[in-house]
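*Asks:* Sharing a structure, written as structure tokens. Questions coming.
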Amino acid sequence: MSATPDFRSDDLIYDWNEIGRKGRLIPRDVTFFDETLRDGLQNPSVADPNIEQKLKLIHLMSKIGIHVADIGLPGSSKRAFDDVLRMCREITDNRLPLGVACAGRTVASDITPMIEISQRAGIPVEVYCFIGSSPIRQLAEDWDLDTIVKRSAEAIDVAVKAGLPVAYVTEDTTRSRPDMLATLFKMAIDHGASRLCLCDTVGHATPDGVRNLISFTKAIIAGHGSDGKVRIDWHGHNDRGLALENALWALEFGADRVHGTALGIGERVGNAAMELILLNLKLLGLLEHQDLTHMLEYCNTAAEAVGWQIPINYPLVGRDAFRTATGVHAAAIIKAQGKGDAWLADRIYSGVPAGMFGRKQEICVGYMSGASNVNFWLRQRRIEPSKELVEAILKKAKGSSHILSDEEILAVVDEVNAR
Ligand SMILES: CC(=O)SCCNC(=O)CCNC(=O)[C@H](O)C(C)(C)COP(=O)(O)OP(=O)(O)OC[C@H]1O[C@@H](n2cnc3c(N)ncnc32)[C@H](O)[C@@H]1OP(=O)(O)O
């Protein structure tokens with residue numbers, strides 16, 4: 001028998017991720033902004049959730065420690081108005097630790113409903129007022145810069161006069177010209193916006209683009225004497241498959257608030273997935289106050305609310321995120337569990353420890369399995385793993401083209417017992 005190597009716990013996982021990392025630049029007061037109930041619902045394949053489902057999501061967001069939820073465009077319809085008002089009341093009635101934001105065009109008719117809701121529910125709704133800022137949007141809409149500036153300034157004034165915090169949202173920021181953005185940002189700051197929301201509306205940005213845009217915006221804010229007073233939001237889309245990466249880099253590069261949605265649902269192919277933003281920050285040791293054991297329920301609730309299935313191979317919340325049938329993997333996990341070392345068992349074949357997120361490692365039996373899987377499966381059900389039984393189940397598994405169901409294994413157990 002060989003001796004067990006004497007590893008200190010620090011030596012067990014050598015972390016190449018930390019070498020040359022830019023540093024822990026993410027500020028402590030970063031906030032997470034949940035767009036599930038606004039941008040998430042703009043996806044054409046989602047069913048509009050009923051109000052009970054929306055309320056459940058609101059509660060889950062606050063349990064997780066998400067800071068603010070964008071809960072819709074109350075100016076877009078009576079139903080939208082009623083739902084937003086109901087959600088705001090839920091938050092105030094239950095004193096949920098969740099801020100509220102709403103989106104609207106830079107027109108008074110989109111902003112006054114937010115003011116009314118804010119007054120009726122007794123909650124300061126953050127006004128996210130948006131306008132297309134890129135040349136391509138200007139061309140489509142026949143808007144010149146003066147028009148955009150005038151509309152934006154008037155809209156910000158309406159919200160600021162009502163005492164509401166304003167985030168000025170330059171749609172399509174990542175394809176907008178710097179001279180134009182500089183004019184718009186300065187105007188927004190002058191009119192009292194407390195946030196500039198940088199939008200990768202069409203999923204155009206790469207991490208380099210994120211860095212360039214954020215450093216440009218920070219310079220404008222500082223040059224305008226508003227350092228520390230005006231904050232930066234990052235809102236990204238996943239058209240290039242980079243939404244998650246861009247969101248994480250946005251935080252490293254100095255965004256104060258990052259937007260995401262449950263399962264990344266949203267316009268077209270969606271937004272950055274909130275659960276994956278939080279998962280990654282947690283694993284980088286950068287989250288202190290969020291409780292990610294609610295993530296599975298949050299994602300399941302969102303999926304059910306919009307009528308989607310979570311892909312089985314989805315990180316963290318997919319059915320197979322912590323499930324293996326593979327003999328070599330299962331044997332190692334089982335050995336670690338046999339040593340009574342839950343920490344080890346949860347990391348030996350998982351880059352994401354299941355226990356940290358309220359999940360468990362699962363071992364099943366299939367054509368890629370070995371005796372370890374079968375032994376484990378039987379012991380878990382307090383069935384004596386005799387040599388004959390293990391061999392019979394393994395034979396069945398090897399001849400099968402799928403993972404054996406509990407019923408199939410139990411049928412073999414009955415058959416062997418009857419011999
Ligand atoms: C940031 C984003 O994701 S943008 C997407 C926002 N979400 C949504 O659009 C979903 C909800 N939207 C709706 O219910 C409807 O589009 C409404 C109620 C907002 C508007 O409906 P309608 O008045 O029928 O306009 P429609 O949807 O056809 O077109 C949008 C109009 O908004 C205008 N618009 C867009 N942004 C702005 C702006 N910032 N300021 C002024 N007008 C704007 C467009 O120019 C267009 O005007 P037009 O009809 O005069 O050409």
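Letters A, B, ... mark the chains of the structure tokens in the order given; residue numbers begin at 1 per chain; ligand numbers begin at 1, in order shown.
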Compile a residue-level contact table for chain A against ligand 1 at a cut-off of 6 Å, reporting for every qualifying residue the shortest atom pair and its distance in Å to one decimal, with only C-alpha atoms and all ligand atoms counted, rows ordered by chain and ascending number, as a tab-separated table.
*Replies:*
```
residue	atom	partner	partner_atom_place_in_ligand_line	distance
A:Ser76	CA	ligand 1	18 (C)	3.9
A:Arg105	CA	ligand 1	39 (N)	4.1
A:Thr106	CA	ligand 1	39 (N)	4.2
A:Val107	CA	ligand 1	40 (N)	5.3
A:Phe130	CA	ligand 1	39 (N)	5.2
A:Ile131	CA	ligand 1	39 (N)	3.6
A:Glu141	CA	ligand 1	45 (O)	5.8
```
*Asks:* Which residues are near Lys387 (chain A)? Cut-off 12 Å, only C-alpha atoms, ignore same chain within fewer than 4 positions. Put them as a list in words.
*Replies:* Ala371, Ser372, Val374, Asn375, Leu378, Glu391, Ala392, Ile393, Leu394 and Val416 of chain A
*Asks:* I'd like the interatomic distance between CA of Ala332 (chain A) and CA of Tyr14 (chain A), to a tenth of an Å.
*Replies:* 18.6 Å
*Asks:* Could you check the closest approach to His294 (chain A) for each of A:Arg175, A:His237, A:His59, A:Lys360 and tell me which residue wins, using only C-alpha atoms?
*Replies:*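 Counting only C-alpha atoms, the residue closest to His294 (chain A) is A:His59.
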*Asks:* Calculated over only C-alpha atoms, which of the candidates A:Cys199, A:Ala272, A:Ile156, A:Ile220 has the smallest distance to Phe185 (chain A)?
*Replies:*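 Comparing A:Cys199, A:Ala272, A:Ile156, A:Ile220 against Phe185 (chain A), the winner is A:Ile220.
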*Asks:* If we count only C-alpha atoms, what is near Asp256 (chain A) at a cut-off of 10 Å, once residues fewer than 5 positions away on the same chain are taken out, given as a VMD selection string?
*Replies:* chain A and resid 26 to 32 195 230 to 234 250 to 251
*Asks:* May I ask for the distance between CA of Ala342 (chain A) and CA of Arg323 (chain A), given in Å to one decimal place?
*Replies:*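 Between these atoms lies a distance of 15.7 Å.
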*Asks:* Identify, on the basis of only C-alpha atoms, every residue whose closest approach to Leu85 (chain A) does not exceed 12 Å; exclude the query and any residue fewer than 5 positions from it along the same chain; express the result as a PyMOL selection string.
*Replies:* chain A and resi 51+54-55+71-75+78-80+90-93+100-102+113-123+125
*Asks:* Output N, CA, C and O atoms for every residue in that selection, as a compact mmCIF listing (two decimals), in the first residue's frame.
*Replies:*
```txt
# COMPACT_ATOMS: atom_id res chain seq x y z
N ILE A 51 -48.14 37.29 -12.53
CA ILE A 51 -47.62 38.17 -11.48
C ILE A 51 -47.08 37.36 -10.29
O ILE A 51 -46.08 37.74 -9.68
N LYS A 54 -43.61 36.44 -11.12
CA LYS A 54 -42.73 37.61 -11.02
C LYS A 54 -42.40 37.91 -9.56
O LYS A 54 -41.26 38.21 -9.21
N LEU A 55 -43.41 37.81 -8.70
CA LEU A 55 -43.19 38.10 -7.27
C LEU A 55 -42.22 37.08 -6.67
O LEU A 55 -41.36 37.42 -5.87
N ILE A 71 -37.70 46.00 -13.45
CA ILE A 71 -38.91 45.19 -13.45
C ILE A 71 -39.88 45.57 -14.58
O ILE A 71 -41.03 45.15 -14.56
N GLY A 72 -39.41 46.30 -15.55
CA GLY A 72 -40.25 46.50 -16.73
C GLY A 72 -40.32 47.92 -17.23
O GLY A 72 -39.62 48.82 -16.75
N LEU A 73 -41.18 48.08 -18.23
CA LEU A 73 -41.44 49.41 -18.81
C LEU A 73 -42.88 49.78 -18.48
O LEU A 73 -43.80 49.43 -19.24
N PRO A 74 -43.11 50.43 -17.37
CA PRO A 74 -44.49 50.67 -16.97
C PRO A 74 -45.25 51.56 -17.94
O PRO A 74 -46.49 51.56 -17.94
N GLY A 75 -44.51 52.29 -18.79
CA GLY A 75 -45.18 53.15 -19.76
C GLY A 75 -45.66 52.40 -20.99
O GLY A 75 -46.33 52.97 -21.85
N LYS A 78 -50.96 49.00 -19.84
CA LYS A 78 -51.61 49.01 -18.51
C LYS A 78 -51.14 47.80 -17.69
O LYS A 78 -50.87 47.90 -16.50
N ARG A 79 -51.05 46.67 -18.38
CA ARG A 79 -50.62 45.46 -17.65
C ARG A 79 -49.21 45.63 -17.09
O ARG A 79 -48.92 45.25 -15.95
N ALA A 80 -48.33 46.22 -17.92
CA ALA A 80 -46.96 46.45 -17.45
C ALA A 80 -46.98 47.38 -16.23
O ALA A 80 -46.29 47.14 -15.23
N GLU A 90 -44.94 44.84 -3.24
CA GLU A 90 -44.42 43.63 -2.59
C GLU A 90 -43.10 43.93 -1.88
O GLU A 90 -42.86 43.46 -0.76
N ILE A 91 -42.27 44.71 -2.55
CA ILE A 91 -40.96 45.02 -1.99
C ILE A 91 -41.10 45.89 -0.74
O ILE A 91 -40.49 45.62 0.30
N THR A 92 -41.96 46.92 -0.83
CA THR A 92 -42.10 47.79 0.34
C THR A 92 -42.86 47.07 1.47
O THR A 92 -42.45 47.15 2.62
N ASP A 93 -43.94 46.35 1.12
CA ASP A 93 -44.72 45.68 2.18
C ASP A 93 -43.87 44.67 2.95
O ASP A 93 -44.05 44.48 4.16
N VAL A 100 -35.34 48.95 -6.93
CA VAL A 100 -36.18 48.78 -8.11
C VAL A 100 -35.79 49.78 -9.19
O VAL A 100 -35.52 50.95 -8.90
N ALA A 101 -35.76 49.29 -10.42
CA ALA A 101 -35.53 50.18 -11.55
C ALA A 101 -36.55 49.88 -12.63
O ALA A 101 -37.11 48.78 -12.67
N CYS A 102 -36.81 50.87 -13.48
CA CYS A 102 -37.67 50.65 -14.64
C CYS A 102 -37.00 51.29 -15.85
O CYS A 102 -36.22 52.22 -15.71
N PRO A 113 -45.11 57.46 -15.68
CA PRO A 113 -45.64 56.28 -14.96
C PRO A 113 -44.69 55.80 -13.85
O PRO A 113 -45.15 55.32 -12.81
N MET A 114 -43.40 55.95 -14.07
CA MET A 114 -42.44 55.54 -13.02
C MET A 114 -42.57 56.46 -11.80
O MET A 114 -42.49 56.01 -10.65
N ILE A 115 -42.81 57.74 -12.08
CA ILE A 115 -42.96 58.69 -10.98
C ILE A 115 -44.22 58.35 -10.18
O ILE A 115 -44.21 58.31 -8.94
N GLU A 116 -45.28 58.07 -10.91
CA GLU A 116 -46.54 57.73 -10.24
C GLU A 116 -46.39 56.48 -9.37
O GLU A 116 -46.81 56.44 -8.20
N ILE A 117 -45.75 55.45 -9.95
CA ILE A 117 -45.57 54.19 -9.20
C ILE A 117 -44.70 54.44 -7.97
O ILE A 117 -44.99 53.95 -6.87
N SER A 118 -43.67 55.21 -8.18
CA SER A 118 -42.76 55.52 -7.06
C SER A 118 -43.53 56.15 -5.91
O SER A 118 -43.37 55.79 -4.73
N GLN A 119 -44.42 57.10 -6.26
CA GLN A 119 -45.19 57.79 -5.21
C GLN A 119 -46.23 56.87 -4.58
O GLN A 119 -46.38 56.84 -3.35
N ARG A 120 -46.90 56.09 -5.41
CA ARG A 120 -47.96 55.21 -4.86
C ARG A 120 -47.40 54.09 -4.00
O ARG A 120 -48.01 53.69 -3.01
N ALA A 121 -46.22 53.56 -4.39
CA ALA A 121 -45.66 52.43 -3.62
C ALA A 121 -44.67 52.88 -2.55
O ALA A 121 -44.24 52.08 -1.72
N GLY A 122 -44.31 54.17 -2.61
CA GLY A 122 -43.36 54.68 -1.61
C GLY A 122 -41.97 54.08 -1.77
O GLY A 122 -41.34 53.66 -0.80
N ILE A 123 -41.52 54.05 -3.00
CA ILE A 123 -40.19 53.46 -3.27
C ILE A 123 -39.51 54.29 -4.36
O ILE A 123 -40.16 54.69 -5.33
N VAL A 125 -37.98 54.57 -7.44
CA VAL A 125 -37.70 53.80 -8.66
C VAL A 125 -36.52 54.44 -9.39
O VAL A 125 -36.52 55.65 -9.64
```
*Asks:* Which neighbours of region 300-314 of chain A fall inside 10 Å, counting only C-alpha atoms, when residues of the same chain fewer than 6 positions from it are skipped, and could you give them as a list in words?
*Replies:* Thr36, Leu37, Gly40, Leu41, Asn43, Ser45, Val46, Ala47, Asp48, Pro49, Asn50, Ile51, Glu52, Gln53, Lys54, Lys56, Leu57, Leu60, Thr261, Ala262, Leu263, Ile265, Asp320, Ala321, Phe322 and Arg323 of chain A
*Asks:* For Cys299 (chain A), which residue out of A:Ala325, A:His235, A:Trp16, A:Met61 is the nearest one, using only C-alpha atoms?
*Replies:*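 Among the listed residues, the smallest separation from Cys299 (chain A) belongs to A:Met61.
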*Asks:* DSSP on the backbone, strand (DSSP E) only: what residues of region 158-238 of chain A does that give? Format it as a list in words.
*Replies:*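 Taking region 158-238 of chain A and keeping strand (DSSP E) only, one gets Val166, Ala167, Tyr168, Val169, Thr170, Glu171, Arg195, Leu196, Cys197, Leu198, Cys199, Asp200, Arg231, Ile232, Asp233, Trp234, His235 and Gly236 of chain A.
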*Asks:* Show me, as a ChimeraX atom specification, the residues that have an atom within 12 Å of Ala155 (chain A) when counting only C-alpha atoms, minus same-chain residues fewer than 5 positions from it.
*Replies:* /A:104-112,127-131,148-150,160-162,164,166-169,187-188,191-193
*Asks:* Given only C-alpha atoms as the basis, pick out the residue of A:Leu12, A:Ala418, A:Leu248, A:Cys364 nearest to His402 (chain A).
*Replies:*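 Among the listed residues, A:Cys364 lies closest to His402 (chain A).
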